[in-house]
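Engineer: Sharing a structure, written as C-alpha cells. Questions coming.
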Amino acid sequence: MRPRVTLKLATSLDGRIATASGESKWITGEAARAEGHRLRATHDGIMVGIGTALADDPLLTVREPGLEDRQPTRIVMDSRQRLSPDSNLARTAAESPVLVMTLQLPSPALVRAGVEVIQVHSGRNGRVSLPHALTILRERGLISLLVEGGGEIATSFLRADAVDRIEWFRAPVLLGAEGRPGIGSLAVERLGEARRFRRLAVEPCGDDLWERYERL
C-alpha cells in the first residue's frame with residue numbers, strides 16, 4: 001500500500017515551472033499560493049525533490065491564517081543526502097517533522113539538527129526507489145501525500161503511475177521551450193500509453209487558472 005498522492009503543479013500556460021536561468025518566484029499569484037497552503041493543510045505529508053530543496057530553500061509549512069496548527073510532515077527525496085543542516089528545513093525540524101529519504105547512512109549533522117534520515121532501497125535509476133519510499137511512508141501512518149516539486153520528482157511519480165490527483169495552477173504567462181518543464185519525459189510513444197485523468201473542475205484563482213484532475 002502507499003499514500004494517496006496529489007501532484008501540485010504551478011506553471012506557465014505552456015507548462016514551465018521556471019525560466020531557463022531557474023527563476024521561478026513567483027509564476028503564479030497570491031491567490032494560487034494561498035490555495036497551495038490550504039492544500040498542504042489537508043495532507044499528512046508534503047514532498048519535494050532535493051533539486052527544489054537546494055534551489056528554493058523552502059520551509060514547506062502551512063502559513064495560511066487559521067491553519068498554522070495543521071502542519072504536514074516535510075519530506076525530501078535526497079539520494080545523496082545533500083540537504084544542508086543550515087537549510088530552512090533542517091533548522092525548523094524541531095518545530096515540525098522533516099524526513100530525508102536517501103540511499104546513504106544518516107548524516108550525523110542532519111540527525112543533530114533534528115532531521116530524521118531514512119535509508120531507502122535503490123531503484124533501477126540509481127536513485128531512491130519510489131515504491132519503497134511510498135511503502136515506508138504508508139507504514140508510518142501517512143495516508144495522503146502532496147508532491148510539490150520540482151519537475152524531476154513530478155515526472156518520477158507520473159512514470160511510476162503513482163499520481164491519484166492533480167491540482168494544477170496555471171499562470172497567464174508564456175516562458176517558451178527554453179523554460180524548465182513542469183513534467184519531463186514520460187517515454188510515451190503511442191496515445192494508448194498516455195496517463196489519463198478525468199477533469200473535476202476548472203476555475204479562476206486570482207489571475208491564474210486552477211485545474212483539478214483525478215486518475216481514471
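Residues are referred to by chain and number: the chain letter is A, B, ... according to the order shown in the C-alpha cells, the number counts from 1 in that chain, and ligands are numbered separately from 1 in the order shown.
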Near Ile118 in chain A, counting only C-alpha atoms, which residues have an atom at most 7 Å away, once you skip same-chain residues fewer than 4 positions from it, shown as a list in words?
Structural biologist: Val100, Met101 and Thr102 of chain A
Engineer: Skipping near chain neighbours, those fewer than 2 positions away, what residues fall within 9 Å of Leu54 in chain A using only C-alpha atoms, listed as number ranges by chain?
Structural biologist: A: 49-52, 56-58, 82-84, 87
Engineer: How many Å separate CA of Thr61 in chain A from CA of Val48 in chain A?
Structural biologist: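 These two atoms are separated by 12.4 Å.
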Engineer: Within range 42-154 of chain A, find each residue whose DSSP state, derived from the backbone, is strand (DSSP E), and express the selection as a list in words.
Structural biologist: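 Those in range 42-154 of chain A that DSSP calls strand (DSSP E) are Gly45, Ile46, Met47, Val48, Gly49, Thr73, Arg74, Ile75, Val76, Met77, Val98, Leu99, Val100, Met101, Thr102, Glu116, Val117, Ile118, Gln119, Ser144, Leu145, Leu146, Val147, Glu148 and Gly149 of chain A.
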Engineer: Which residues of range 41-125 of chain A come within 10 Å of range 130-153 of chain A, and for each one, what is the closest pair of atoms and their distance in Å to one decimal, counting only C-alpha atoms, sorted by chain and residue number, as JSON lines?
Structural biologist:
```
{"residue": "A:Ala41", "atom": "CA", "partner": "A:Leu146", "partner_atom": "CA", "distance": 9.8}
{"residue": "A:Thr42", "atom": "CA", "partner": "A:Ser144", "partner_atom": "CA", "distance": 8.3}
{"residue": "A:His43", "atom": "CA", "partner": "A:Ser144", "partner_atom": "CA", "distance": 5.2}
{"residue": "A:Asp44", "atom": "CA", "partner": "A:Ser144", "partner_atom": "CA", "distance": 5.3}
{"residue": "A:Gly45", "atom": "CA", "partner": "A:Leu145", "partner_atom": "CA", "distance": 4.8}
{"residue": "A:Ile46", "atom": "CA", "partner": "A:Leu146", "partner_atom": "CA", "distance": 4.6}
{"residue": "A:Met47", "atom": "CA", "partner": "A:Val147", "partner_atom": "CA", "distance": 4.8}
{"residue": "A:Val48", "atom": "CA", "partner": "A:Gly149", "partner_atom": "CA", "distance": 5.0}
{"residue": "A:Gly49", "atom": "CA", "partner": "A:Ile153", "partner_atom": "CA", "distance": 5.7}
{"residue": "A:Ile50", "atom": "CA", "partner": "A:Gly150", "partner_atom": "CA", "distance": 8.7}
{"residue": "A:Gly51", "atom": "CA", "partner": "A:Gly150", "partner_atom": "CA", "distance": 7.0}
{"residue": "A:Thr52", "atom": "CA", "partner": "A:Gly150", "partner_atom": "CA", "distance": 5.6}
{"residue": "A:Ala53", "atom": "CA", "partner": "A:Gly149", "partner_atom": "CA", "distance": 9.0}
{"residue": "A:Ala55", "atom": "CA", "partner": "A:Gly150", "partner_atom": "CA", "distance": 9.9}
{"residue": "A:Leu60", "atom": "CA", "partner": "A:Glu148", "partner_atom": "CA", "distance": 9.1}
{"residue": "A:Pro72", "atom": "CA", "partner": "A:Leu145", "partner_atom": "CA", "distance": 8.8}
{"residue": "A:Thr73", "atom": "CA", "partner": "A:Leu142", "partner_atom": "CA", "distance": 8.6}
{"residue": "A:Arg74", "atom": "CA", "partner": "A:Leu146", "partner_atom": "CA", "distance": 9.8}
{"residue": "A:Ile75", "atom": "CA", "partner": "A:Val147", "partner_atom": "CA", "distance": 9.4}
{"residue": "A:Met77", "atom": "CA", "partner": "A:Ile153", "partner_atom": "CA", "distance": 8.3}
{"residue": "A:Leu99", "atom": "CA", "partner": "A:Leu137", "partner_atom": "CA", "distance": 9.8}
{"residue": "A:Met101", "atom": "CA", "partner": "A:Ala133", "partner_atom": "CA", "distance": 7.2}
{"residue": "A:Thr102", "atom": "CA", "partner": "A:Ala133", "partner_atom": "CA", "distance": 9.2}
{"residue": "A:Ile118", "atom": "CA", "partner": "A:Ala133", "partner_atom": "CA", "distance": 9.0}
{"residue": "A:Gln119", "atom": "CA", "partner": "A:Ala133", "partner_atom": "CA", "distance": 9.1}
{"residue": "A:Val120", "atom": "CA", "partner": "A:Ala133", "partner_atom": "CA", "distance": 6.4}
{"residue": "A:His121", "atom": "CA", "partner": "A:His132", "partner_atom": "CA", "distance": 6.6}
{"residue": "A:Ser122", "atom": "CA", "partner": "A:His132", "partner_atom": "CA", "distance": 8.7}
{"residue": "A:Gly123", "atom": "CA", "partner": "A:Leu130", "partner_atom": "CA", "distance": 7.3}
```
Engineer: Residues near Ala113 in chain A, anyone? I mean within 12 Å using only C-alpha atoms, not counting same-chain ones fewer than 2 positions away, as a PyMOL selection string.
Structural biologist: chain A and resi 83-95+97-99+106-111+115-117
Engineer: So how far away is CA of Leu158 in chain A from CA of Arg180 in chain A, in Å?
Structural biologist: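 That distance, rounded to one decimal, is 17.2 Å.
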Engineer: Taking the chain letters and numbering used in this document, name the residues of range 68-201 of chain A that DSSP puts in alpha helix (DSSP H), as a count of residues only.
Structural biologist: 29
Engineer: Restricting the calculation to only C-alpha atoms, which member of A:Arg70, A:Ala154, A:Arg159, A:Arg112 is positioned closest to Val188 in chain A?
Structural biologist: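 Selected residue with least distance to Val188 in chain A: A:Arg159.
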Engineer: Using only C-alpha atoms, what table do you get, as JSON lines, when you list each residue of range 72-189 of chain A with an atom no more than 6 Å from range 16-40 of chain A, its nearest pair of atoms, and their distance in Å rounded to one decimal, rows by chain then rising number?
Structural biologist:
```
{"residue": "A:Ala171", "atom": "CA", "partner": "A:Thr28", "partner_atom": "CA", "distance": 5.2}
{"residue": "A:Glu178", "atom": "CA", "partner": "A:Ala20", "partner_atom": "CA", "distance": 5.4}
{"residue": "A:Gly179", "atom": "CA", "partner": "A:Thr19", "partner_atom": "CA", "distance": 4.3}
{"residue": "A:Arg180", "atom": "CA", "partner": "A:Ala18", "partner_atom": "CA", "distance": 5.1}
{"residue": "A:Pro181", "atom": "CA", "partner": "A:Arg16", "partner_atom": "CA", "distance": 4.4}
{"residue": "A:Gly182", "atom": "CA", "partner": "A:Ile17", "partner_atom": "CA", "distance": 5.2}
```
Engineer: Could you give me, as a CSV table (one decimal) with N, CA, C and O atoms, in the first residue's frame, the residues within 7 Å of Leu9 in chain A, counting only C-alpha atoms and dropping anything in the same chain fewer than 4 positions from it?
Structural biologist:
```csv
chain,number,residue,atom,x,y,z
A,148,GLU,N,5.0,18.5,-4.3
A,148,GLU,CA,5.1,19.9,-4.8
A,148,GLU,C,6.1,20.2,-5.9
A,148,GLU,O,6.0,21.2,-6.5
A,167,GLU,N,-3.5,18.9,-8.9
A,167,GLU,CA,-4.0,20.2,-8.7
A,167,GLU,C,-3.1,21.2,-9.4
A,167,GLU,O,-1.9,21.3,-9.1
A,168,TRP,N,-3.5,21.7,-10.5
A,168,TRP,CA,-2.7,22.5,-11.5
A,168,TRP,C,-3.1,23.9,-11.5
A,168,TRP,O,-4.2,24.3,-11.9
A,169,PHE,N,-2.1,24.8,-11.1
A,169,PHE,CA,-2.3,26.2,-11.1
A,169,PHE,C,-1.5,26.7,-12.3
A,169,PHE,O,-0.3,26.6,-12.4
```
